[in-house]
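See structure below.
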Amino acid sequence: MNKDVIIACDFQSGEETLVFLERFGDDRPFVKIGMELFYAQGPDIVREIKDRGHKIFLDLKLHDIPNTVKSAMKRLSGLGADLVNLHAAGGRAMMEAALEGLTRADGSRPLLIAVTQLTSTSQQTLEEDLLIREKLEEVVLSYAHNAKLAGLDGVVCSPLEAGAVHERCGQGFLTVTPGIRYPDSKGDDQHRVTTPEKARALGSDFIVVGRPITRAMDPVKAWRRCVNEFTGK
Ligand code: C5P
């Protein structure tokens with residue numbers, strides 16, 4: 001898949017999401033469906049958006065014993081998502097089982113990426129809550145390397161970590177990066193932010209953009225600006 005902008009559709013209902021997507025006319029942006037929408041609407045919302053011609057990143061961040069994750073991934077694979085994810089903290093056996101579950105009878109499967117450490121996790125949380133004494137950046141790189149060894153396609157990380165992840169895991173290992181803002185837009189609750197142009201320069205393969213597009217006065221224009229700056233198209 002080519003570099004692209006993924007719109008985080010963090011809406012409370014399917015109806016709100018579909019009305020939002022209709023504004024794009026004949027364009028079909030890549031969309032991210034997260035827990036909020038999936039738990040509110042169920043799997044049908046994935047099929048519905050897929051049927052309309054969008055690519056889908058299903059951001060459900062699975063983390064359980066290998067057998068349970070394998071069975072759950074089998075279900076998700078049948079929904080037609082293009083990209084799904086899990087927590088690398090579940091370990092290599094869990095990630096390998098997930099890949100098995102995702103692989104369809106014809107050998108095809110959605111891309112699978114791992115969350116290394118959530119961007120809401122600080123060095124202090126790592127040490128005091130999780131009893132992990134290593135530097136946060138090293139934990140991110142080590143988890144990314146584990147994901148690579150398990151056969152995954154990439155990780156979710158900060159654009160600021162994309163270069164180091166590519167160095168450790170190879171240029172072909174995908175970096176999917178949230179935390180995108182324009183210098184002239186609000187940061188909201190994101191702290192370590194970069195612009196689409198900077199994310200491209202840092203080597204991100206996909207950027208995940210929510211509020212700068214969904215809450216813009218003109219979301220289609222905001223999306224086009226993002227695509228243009230990130231992909232150069
Ligand atoms: O609105 P905003 O652009 O901040 O949305 C970013 C999206 O990426 C949200 O759906 C958020 O949950 C998700 N995300 C993130 N940081 C991570 C993982 C996912 O911001 N580390």
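Letters A, B, ... go to the chains of the structure tokens in the order shown; residues in each chain start at 1; ligands are counted from 1 in the same order.
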Output as a tab-separated table one row per residue of segment 183-224 of chain A within 7 Å of segment 153-167 of chain A: the closest atom pair and its distance in Å to one decimal place, counting only C-alpha atoms, sorted by chain and residue number ascending.
residue	atom	partner	partner_atom	distance
A:Ala199	CA	A:Pro159	CA	5.5
A:Leu202	CA	A:Gly163	CA	6.0
A:Gly203	CA	A:Ala162	CA	6.0
A:Ser204	CA	A:Ala162	CA	5.8
Output N, CA, C and O atoms for every residue in the selection just made, as a PDB file, in the first residue's frame.
ATOM      1  N   ALA A 199       6.181  14.759   9.000  1.00  0.00           N
ATOM      2  CA  ALA A 199       6.002  13.298   9.155  1.00  0.00           C
ATOM      3  C   ALA A 199       6.532  12.582   7.914  1.00  0.00           C
ATOM      4  O   ALA A 199       7.165  11.528   8.006  1.00  0.00           O
ATOM      5  N   LEU A 202      10.234  12.555   8.046  1.00  0.00           N
ATOM      6  CA  LEU A 202      10.740  11.636   9.069  1.00  0.00           C
ATOM      7  C   LEU A 202      10.562  10.168   8.670  1.00  0.00           C
ATOM      8  O   LEU A 202      11.033   9.271   9.351  1.00  0.00           O
ATOM      9  N   GLY A 203       9.820   9.931   7.590  1.00  0.00           N
ATOM     10  CA  GLY A 203       9.697   8.559   7.075  1.00  0.00           C
ATOM     11  C   GLY A 203       8.420   7.819   7.430  1.00  0.00           C
ATOM     12  O   GLY A 203       8.342   6.603   7.210  1.00  0.00           O
ATOM     13  N   SER A 204       7.396   8.514   7.975  1.00  0.00           N
ATOM     14  CA  SER A 204       6.118   7.837   8.269  1.00  0.00           C
ATOM     15  C   SER A 204       5.537   7.248   6.991  1.00  0.00           C
ATOM     16  O   SER A 204       5.629   7.870   5.933  1.00  0.00           O
TER      17      SER A 204
END
Mind dumping a table of every chain A residue within 7 Å of ligand 1, with the nearest atom pair and its distance in Å to one decimal, using only C-alpha atoms and all ligand atoms, sorted by chain and rising number, as a Markdown table?
| residue | atom | partner | partner_atom_place_in_ligand_line | distance |
| --- | --- | --- | --- | --- |
| A:Ala8 | CA | ligand 1 | 10 (O) | 4.9 |
| A:Asp10 | CA | ligand 1 | 10 (O) | 5.9 |
| A:Gly34 | CA | ligand 1 | 10 (O) | 6.5 |
| A:Leu118 | CA | ligand 1 | 21 (N) | 4.5 |
| A:Thr119 | CA | ligand 1 | 21 (N) | 4.2 |
| A:Ser120 | CA | ligand 1 | 21 (N) | 6.9 |
| A:Val156 | CA | ligand 1 | 18 (C) | 6.6 |
| A:Cys157 | CA | ligand 1 | 21 (N) | 6.1 |
| A:Ser158 | CA | ligand 1 | 21 (N) | 6.9 |
| A:Pro178 | CA | ligand 1 | 8 (O) | 4.8 |
| A:Gly179 | CA | ligand 1 | 20 (O) | 5.6 |
| A:Ile180 | CA | ligand 1 | 3 (O) | 5.9 |
| A:Asp188 | CA | ligand 1 | 4 (O) | 6.9 |
| A:Asp189 | CA | ligand 1 | 4 (O) | 6.9 |
| A:Gln190 | CA | ligand 1 | 4 (O) | 5.9 |
| A:Val208 | CA | ligand 1 | 8 (O) | 5.7 |
| A:Val209 | CA | ligand 1 | 3 (O) | 4.1 |
| A:Gly210 | CA | ligand 1 | 1 (O) | 3.4 |
| A:Arg211 | CA | ligand 1 | 1 (O) | 3.7 |
| A:Pro212 | CA | ligand 1 | 3 (O) | 6.1 |
Output N, CA, C and O atoms of each residue in that selection to a file, as a PDB file, in the first residue's frame.
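As a result, again_5.pdb now contains:
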ATOM      1  N   ALA A   8      -9.060   9.461  11.360  1.00  0.00           N
ATOM      2  CA  ALA A   8      -9.589   8.809  12.565  1.00  0.00           C
ATOM      3  C   ALA A   8     -11.040   9.238  12.746  1.00  0.00           C
ATOM      4  O   ALA A   8     -11.313  10.375  13.124  1.00  0.00           O
ATOM      5  N   ASP A  10     -13.454   9.277  14.876  1.00  0.00           N
ATOM      6  CA  ASP A  10     -13.827   9.120  16.285  1.00  0.00           C
ATOM      7  C   ASP A  10     -15.188   9.768  16.524  1.00  0.00           C
ATOM      8  O   ASP A  10     -15.288  10.806  17.186  1.00  0.00           O
ATOM      9  N   GLY A  34     -12.241   3.026  15.442  1.00  0.00           N
ATOM     10  CA  GLY A  34     -11.682   2.671  16.746  1.00  0.00           C
ATOM     11  C   GLY A  34     -12.709   1.989  17.640  1.00  0.00           C
ATOM     12  O   GLY A  34     -13.833   1.691  17.222  1.00  0.00           O
ATOM     13  N   LEU A 118       1.831   2.946  24.310  1.00  0.00           N
ATOM     14  CA  LEU A 118       0.884   4.021  24.013  1.00  0.00           C
ATOM     15  C   LEU A 118       1.582   5.356  24.221  1.00  0.00           C
ATOM     16  O   LEU A 118       2.439   5.488  25.108  1.00  0.00           O
ATOM     17  N   THR A 119       1.196   6.351  23.417  1.00  0.00           N
ATOM     18  CA  THR A 119       1.842   7.660  23.583  1.00  0.00           C
ATOM     19  C   THR A 119       1.418   8.322  24.892  1.00  0.00           C
ATOM     20  O   THR A 119       2.029   9.289  25.332  1.00  0.00           O
ATOM     21  N   SER A 120       0.387   7.772  25.538  1.00  0.00           N
ATOM     22  CA  SER A 120      -0.014   8.305  26.845  1.00  0.00           C
ATOM     23  C   SER A 120       0.857   7.739  27.970  1.00  0.00           C
ATOM     24  O   SER A 120       0.766   8.170  29.119  1.00  0.00           O
ATOM     25  N   VAL A 156       2.430   1.032  15.221  1.00  0.00           N
ATOM     26  CA  VAL A 156       1.899   2.376  15.442  1.00  0.00           C
ATOM     27  C   VAL A 156       2.930   3.071  16.318  1.00  0.00           C
ATOM     28  O   VAL A 156       3.345   2.512  17.336  1.00  0.00           O
ATOM     29  N   CYS A 157       3.392   4.240  15.923  1.00  0.00           N
ATOM     30  CA  CYS A 157       4.352   4.958  16.758  1.00  0.00           C
ATOM     31  C   CYS A 157       4.259   6.451  16.490  1.00  0.00           C
ATOM     32  O   CYS A 157       3.478   6.886  15.636  1.00  0.00           O
ATOM     33  N   SER A 158       5.040   7.224  17.210  1.00  0.00           N
ATOM     34  CA  SER A 158       5.096   8.657  16.974  1.00  0.00           C
ATOM     35  C   SER A 158       5.929   8.889  15.709  1.00  0.00           C
ATOM     36  O   SER A 158       6.887   8.154  15.455  1.00  0.00           O
ATOM     37  N   PRO A 178       0.096   8.620  14.479  1.00  0.00           N
ATOM     38  CA  PRO A 178      -0.816   9.695  14.878  1.00  0.00           C
ATOM     39  C   PRO A 178       0.001  10.893  15.396  1.00  0.00           C
ATOM     40  O   PRO A 178       1.226  10.913  15.240  1.00  0.00           O
ATOM     41  N   GLY A 179      -0.683  11.866  16.010  1.00  0.00           N
ATOM     42  CA  GLY A 179       0.043  13.021  16.561  1.00  0.00           C
ATOM     43  C   GLY A 179       0.371  14.031  15.480  1.00  0.00           C
ATOM     44  O   GLY A 179       1.464  14.607  15.453  1.00  0.00           O
ATOM     45  N   ILE A 180      -0.557  14.265  14.553  1.00  0.00           N
ATOM     46  CA  ILE A 180      -0.325  15.199  13.441  1.00  0.00           C
ATOM     47  C   ILE A 180      -1.111  16.494  13.681  1.00  0.00           C
ATOM     48  O   ILE A 180      -2.312  16.464  13.959  1.00  0.00           O
ATOM     49  N   ASP A 188      -4.765  20.057  21.046  1.00  0.00           N
ATOM     50  CA  ASP A 188      -5.678  19.210  21.824  1.00  0.00           C
ATOM     51  C   ASP A 188      -4.885  18.480  22.914  1.00  0.00           C
ATOM     52  O   ASP A 188      -4.057  19.067  23.563  1.00  0.00           O
ATOM     53  N   ASP A 189      -5.133  17.138  23.072  1.00  0.00           N
ATOM     54  CA  ASP A 189      -4.426  16.391  24.112  1.00  0.00           C
ATOM     55  C   ASP A 189      -3.149  15.744  23.582  1.00  0.00           C
ATOM     56  O   ASP A 189      -2.512  14.966  24.283  1.00  0.00           O
ATOM     57  N   GLN A 190      -2.767  16.034  22.344  1.00  0.00           N
ATOM     58  CA  GLN A 190      -1.535  15.465  21.797  1.00  0.00           C
ATOM     59  C   GLN A 190      -0.359  16.355  22.227  1.00  0.00           C
ATOM     60  O   GLN A 190      -0.475  17.568  22.229  1.00  0.00           O
ATOM     61  N   VAL A 208      -2.134   9.164  10.813  1.00  0.00           N
ATOM     62  CA  VAL A 208      -3.515   9.062  11.311  1.00  0.00           C
ATOM     63  C   VAL A 208      -3.909  10.443  11.811  1.00  0.00           C
ATOM     64  O   VAL A 208      -3.279  10.973  12.732  1.00  0.00           O
ATOM     65  N   VAL A 209      -4.917  11.018  11.182  1.00  0.00           N
ATOM     66  CA  VAL A 209      -5.309  12.389  11.527  1.00  0.00           C
ATOM     67  C   VAL A 209      -6.786  12.415  11.906  1.00  0.00           C
ATOM     68  O   VAL A 209      -7.636  11.970  11.120  1.00  0.00           O
ATOM     69  N   GLY A 210      -7.084  12.905  13.110  1.00  0.00           N
ATOM     70  CA  GLY A 210      -8.474  12.986  13.559  1.00  0.00           C
ATOM     71  C   GLY A 210      -8.994  14.394  13.526  1.00  0.00           C
ATOM     72  O   GLY A 210      -9.388  14.920  12.471  1.00  0.00           O
ATOM     73  N   ARG A 211      -8.965  15.056  14.678  1.00  0.00           N
ATOM     74  CA  ARG A 211      -9.612  16.360  14.834  1.00  0.00           C
ATOM     75  C   ARG A 211      -9.209  17.445  13.828  1.00  0.00           C
ATOM     76  O   ARG A 211     -10.082  18.220  13.430  1.00  0.00           O
ATOM     77  N   PRO A 212      -7.930  17.518  13.393  1.00  0.00           N
ATOM     78  CA  PRO A 212      -7.613  18.569  12.403  1.00  0.00           C
ATOM     79  C   PRO A 212      -8.441  18.417  11.120  1.00  0.00           C
ATOM     80  O   PRO A 212      -8.594  19.369  10.371  1.00  0.00           O
TER      81      PRO A 212
END
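Atom CA of Lys74 of chain A sits 20.2 Å away from atom CA of Ala89 of chain A.
Atom pair atom CA of Leu60 of chain A / atom CA of Ser77 of chain A: separated by 12.6 Å.
The interatomic distance for the pair atom CA of Gln12 of chain A and atom CA of Met35 of chain A works out to 10.2 Å.
Take the candidates A:Ala98, A:Leu79, A:Ala201, A:Ile45 and check each one against Ile65 of chain A using only C-alpha atoms; the shortest distance goes to A:Ala98.
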Using only C-alpha atoms, which protein or nucleic acid residues come within 8 Å of His54 of chain A? Drop anything in the same chain fewer than 4 positions from it, and give the result as a VMD selection string. chain A and resid 28 to 31 49 to 50
How would you write, as a PyMOL selection string, the set of residues in segment 22-99 of chain A that DSSP gives as helix (DSSP H, G or I)? chain A and resi 22+35-41+44-51+66-77+88-90+92-99
Go through A:Gly172, A:Pro110, A:Pro219, A:Gly53 and flag the residue nearest Ala81 of chain A, using only C-alpha atoms for the distances.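 Smallest distance to Ala81 of chain A is found for A:Pro110.
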So, counting only C-alpha atoms, which residue among A:Arg52, A:Met1, A:Glu127, A:Arg225 is closest to Gly25 of chain A?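 The shortest atom-to-atom distance to Gly25 of chain A comes from A:Arg52.
Contact shell of Val5 of chain A at 10 Å (only C-alpha atoms; same-chain neighbours under 2 positions omitted): Asn2, Lys3, Ile7, Ala8, Pro29, Phe30, Val31, Val176, Thr177, Pro196, Asp205, Phe206, Ile207, Val208, Val209, Trp223, Arg224, Cys226, Val227, Asn228, Phe230 and Thr231 of chain A.
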Using DSSP on the backbone, list every residue of segment 19-187 of chain A that comes out as strand (DSSP E or B), and give them as a compact mmCIF listing (two decimals) with N, CA, C and O atoms, in the first residue's frame.
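Generated file (result28.txt):
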# COMPACT_ATOMS: atom_id res chain seq x y z
N PHE A 30 -9.12 6.84 3.26
CA PHE A 30 -8.78 5.71 4.14
C PHE A 30 -9.28 6.11 5.54
O PHE A 30 -8.97 7.20 6.01
N VAL A 31 -10.07 5.25 6.21
CA VAL A 31 -10.60 5.65 7.52
C VAL A 31 -10.18 4.69 8.63
O VAL A 31 -9.96 3.51 8.40
N LYS A 32 -10.08 5.25 9.82
CA LYS A 32 -9.78 4.43 11.00
C LYS A 32 -11.05 4.31 11.84
O LYS A 32 -11.69 5.32 12.16
N ILE A 33 -11.41 3.06 12.17
CA ILE A 33 -12.53 2.81 13.07
C ILE A 33 -11.94 2.32 14.38
O ILE A 33 -11.20 1.33 14.41
N GLY A 34 -12.24 3.03 15.44
CA GLY A 34 -11.68 2.67 16.75
C GLY A 34 -12.71 1.99 17.64
O GLY A 34 -13.83 1.69 17.22
N ILE A 56 -9.97 0.46 5.29
CA ILE A 56 -10.25 0.59 6.72
C ILE A 56 -9.10 0.09 7.60
O ILE A 56 -8.59 -1.02 7.41
N PHE A 57 -8.73 0.94 8.55
CA PHE A 57 -7.81 0.54 9.63
C PHE A 57 -8.70 0.30 10.85
O PHE A 57 -9.30 1.22 11.39
N LEU A 58 -8.79 -0.97 11.27
CA LEU A 58 -9.61 -1.32 12.43
C LEU A 58 -8.70 -1.32 13.67
O LEU A 58 -7.88 -2.21 13.85
N ASP A 59 -8.87 -0.26 14.46
CA ASP A 59 -7.95 0.02 15.58
C ASP A 59 -8.55 -0.51 16.89
O ASP A 59 -9.07 0.26 17.69
N LEU A 60 -8.46 -1.83 17.10
CA LEU A 60 -9.07 -2.42 18.30
C LEU A 60 -8.03 -2.89 19.32
O LEU A 60 -8.39 -3.35 20.40
N LYS A 61 -6.76 -2.82 18.97
CA LYS A 61 -5.65 -3.08 19.91
C LYS A 61 -5.86 -4.33 20.76
O LYS A 61 -5.91 -4.27 21.99
N LEU A 62 -5.92 -5.49 20.11
CA LEU A 62 -6.16 -6.74 20.85
C LEU A 62 -4.98 -7.10 21.76
O LEU A 62 -3.82 -6.84 21.42
N LEU A 83 -6.29 -3.10 7.51
CA LEU A 83 -5.21 -2.96 8.49
C LEU A 83 -5.82 -3.18 9.87
O LEU A 83 -6.87 -2.59 10.18
N VAL A 84 -5.22 -4.05 10.70
CA VAL A 84 -5.71 -4.26 12.07
C VAL A 84 -4.51 -4.20 13.02
O VAL A 84 -3.36 -4.24 12.58
N ASN A 85 -4.80 -4.12 14.32
CA ASN A 85 -3.67 -4.01 15.25
C ASN A 85 -3.88 -4.76 16.55
O ASN A 85 -4.97 -5.26 16.85
N LEU A 86 -2.79 -4.86 17.32
CA LEU A 86 -2.79 -5.52 18.63
C LEU A 86 -1.67 -4.88 19.45
O LEU A 86 -0.92 -4.04 18.95
N HIS A 87 -1.58 -5.28 20.73
CA HIS A 87 -0.51 -4.77 21.59
C HIS A 87 0.70 -5.70 21.53
O HIS A 87 0.58 -6.89 21.84
N LEU A 111 -3.20 -6.27 6.65
CA LEU A 111 -1.90 -5.96 7.27
C LEU A 111 -2.09 -5.95 8.78
O LEU A 111 -3.16 -5.56 9.28
N LEU A 112 -1.07 -6.40 9.51
CA LEU A 112 -1.15 -6.42 10.98
C LEU A 112 -0.02 -5.59 11.56
O LEU A 112 1.16 -5.83 11.25
N ILE A 113 -0.39 -4.62 12.40
CA ILE A 113 0.63 -3.78 13.04
C ILE A 113 0.45 -3.82 14.56
O ILE A 113 -0.62 -4.17 15.06
N ALA A 114 1.52 -3.47 15.28
CA ALA A 114 1.51 -3.56 16.74
C ALA A 114 1.65 -2.19 17.39
O ALA A 114 2.40 -1.34 16.90
N VAL A 115 0.90 -2.00 18.47
CA VAL A 115 1.12 -0.83 19.32
C VAL A 115 2.31 -1.19 20.21
O VAL A 115 2.31 -2.26 20.82
N GLY A 154 4.30 -3.97 10.71
CA GLY A 154 4.74 -2.65 11.16
C GLY A 154 4.23 -2.33 12.55
O GLY A 154 3.74 -3.21 13.27
N VAL A 155 4.35 -1.05 12.91
CA VAL A 155 3.91 -0.60 14.24
C VAL A 155 3.19 0.75 14.16
O VAL A 155 3.33 1.48 13.18
N VAL A 156 2.43 1.03 15.22
CA VAL A 156 1.90 2.38 15.44
C VAL A 156 2.93 3.07 16.32
O VAL A 156 3.34 2.51 17.34
N LEU A 174 6.33 -1.03 8.27
CA LEU A 174 5.47 0.15 8.26
C LEU A 174 5.44 0.92 9.57
O LEU A 174 5.39 0.33 10.65
N THR A 175 5.44 2.24 9.44
CA THR A 175 5.22 3.09 10.62
C THR A 175 3.94 3.89 10.38
O THR A 175 3.82 4.63 9.41
N VAL A 176 2.97 3.67 11.26
CA VAL A 176 1.66 4.32 11.17
C VAL A 176 1.61 5.30 12.33
O VAL A 176 1.70 4.90 13.49
N THR A 177 1.52 6.60 11.99
CA THR A 177 1.80 7.59 13.03
C THR A 177 0.68 8.62 13.26
O THR A 177 0.37 9.41 12.38
N ILE A 180 -0.56 14.27 14.55
CA ILE A 180 -0.33 15.20 13.44
C ILE A 180 -1.11 16.49 13.68
O ILE A 180 -2.31 16.46 13.96
Looking at A:Ala216, A:Ala147, A:Leu126, A:Ile6, which one is nearest to Gly90 of chain A, with distances taken over only C-alpha atoms?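 Checking each candidate against Gly90 of chain A, we get A:Ala147 as the closest.
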Ranking A:Thr195, A:Leu149, A:Ser108, A:Thr121 by minimum distance to Cys169 of chain A and counting only C-alpha atoms, which one comes first?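 Going through A:Thr195, A:Leu149, A:Ser108, A:Thr121 one by one, the smallest distance to Cys169 of chain A is for A:Leu149.
Closest to Val139 of chain A among A:Asp44, A:Ser122, A:Gly151, A:Val19 is A:Ser122, based on only C-alpha atoms.
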